[in-house]
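A quick write-up on the structure given underneath.
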Amino acid sequence: EAQVTQNPRYLITVTGKKLTVTCSQNMNHEYMSWYRQDPGLGLRQIYYSMNVEVTDKGDVPEGYKVSRKEKRNFPLILESPSPNQTSLYFCASSRRGTYSYEQYFGPGTRLTVT
Amino acid sequence: AQKITQTQPGMFVQEKEAVTLDCTYDTSDQSYGLFWYKQPSSGEMIFLIYQGSYDEQNATEGRYSLNFQKARKSANLVISASQLGDSAMYFCAMRDYTGNQFYFGTGTSLTVIP
């Protein structure tokens with residue numbers, strides 16, 4: 001089954017404790033992206049990756065890091081989480097090359113930083 | 001800067017009636033893609049329909065159609081014959097000409113009344 005998986009699905013952590021949210025896709029997609037969803041703000045793009053070892057900032061990259069060492073994986077790293085990073089996070093993937101391809105989303109990771 | 005505007009935070013529709021969810025976008029690019037996604041209360045993001053900026057015909061997918069008015073920069077979603085399962089949050093999104101950046105609106109919460 002074609003899918004994007006994220007782990008963990010739920011995470012409660014404390015301020016400053018480094019964490020990683022994993023994302024993996026089995027569709028051989030070149031493009032992957034991370035979003036955060038906050039009430040009243042919709043989804044906002046954090047980082048995206050056009051291919052292995054190629055990443056770039058989205059609209060809200062502050063406080064986040066990413067890496068793309070393998071085509072299928074695109075982890076999101078919060079090195080020193082703060083309460084304002086409490087949010088619902090989505091990973092997504094798609095074919096790359098044009099603007100016509102839809103994204104496939106993971107199930108989401110709900111993060112709470114206390 | 002790219003921007004997606006959804007002006008209807010919440011909408012109600014009677015079961016079996018049609019409903020239109022509004023979306024306007026702002027871009028200076030000639031090439032772009034427009035998407036609608038559905039997010040039920042379970043949280044996953046479900047792709048509904050796509051319209052390319054050069055597509056002359058309005059896109060249709062089953063009960064979903066996209067009313068694309070390029071000169072007015074609007075991409076409204078029309079759901080015909082509403083069903084109870086259509087109750088969800090709906091997001092309008094735009095993919096830029098590079099295919100790398102995605103912009104989402106703030107969403108419209110649709111409630112279908114039996």
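By order of appearance in the structure tokens: chains A, B, ..., then residues from 1 within every chain, and ligands from 1 in the order shown.
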Could you please select, counting only C-alpha atoms, the residues of chain A within 6 Å of chain B and state them as a list in words? Gly40, Leu41, Gly42, Leu43, Thr98, Tyr99, Ser100 and Pro107 of chain A
Return as JSON, numbers by chain the full set of residues in chain B whose backbone-based DSSP assignment is strand (DSSP E). {"B": [3, 4, 5, 10, 11, 12, 13, 14, 19, 20, 21, 24, 25, 26, 33, 34, 35, 36, 37, 38, 39, 46, 47, 48, 49, 50, 51, 52, 60, 61, 64, 65, 66, 67, 68, 69, 74, 75, 76, 77, 78, 79, 88, 89, 90, 91, 92, 93, 94, 95, 102, 103, 104, 108, 109, 110, 111, 112, 113]}
So that I can see what lies close to B:Lys73, please list as a list of chain:residue names the residues with an atom at most 8 Å from it, counting only C-alpha atoms and leaving out residues fewer than 5 positions away in the same chain. B:Thr24, B:Tyr25, B:Asp26, B:Phe68
Proximity to B:Ala71 - best of B:Gln30, B:Lys38, B:Thr5, B:Gln83, only C-alpha atoms: B:Gln30
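In this comparison, which uses only C-alpha atoms, the residue of B:Thr60, B:Met11, B:Ile113, B:Arg72 approaching B:Thr27 most closely is B:Arg72.
Note that atom CA of A:Arg96 and atom CA of B:Gln57 are 23.9 Å apart.
Omitting A:Asp56 and its sequence neighbours fewer than 4 positions away, and counting only C-alpha atoms, the residues within 7 Å are Tyr47, Tyr48 and Ser49 of chain A.
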Keeping only C-alpha atoms, write those residues as an mmCIF file, in the first residue's frame.
data_model
loop_
_atom_site.group_PDB
_atom_site.id
_atom_site.type_symbol
_atom_site.label_atom_id
_atom_site.label_comp_id
_atom_site.auth_asym_id
_atom_site.auth_seq_id
_atom_site.Cartn_x
_atom_site.Cartn_y
_atom_site.Cartn_z
ATOM 1 C CA TYR A 47 10.994 22.710 4.997
ATOM 2 C CA TYR A 48 10.959 20.818 1.768
ATOM 3 C CA SER A 49 13.331 18.546 -0.089
#
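Taking atom CA of B:Val78 as the reference point, atom CA of B:Asp22 is found at 8.8 Å.
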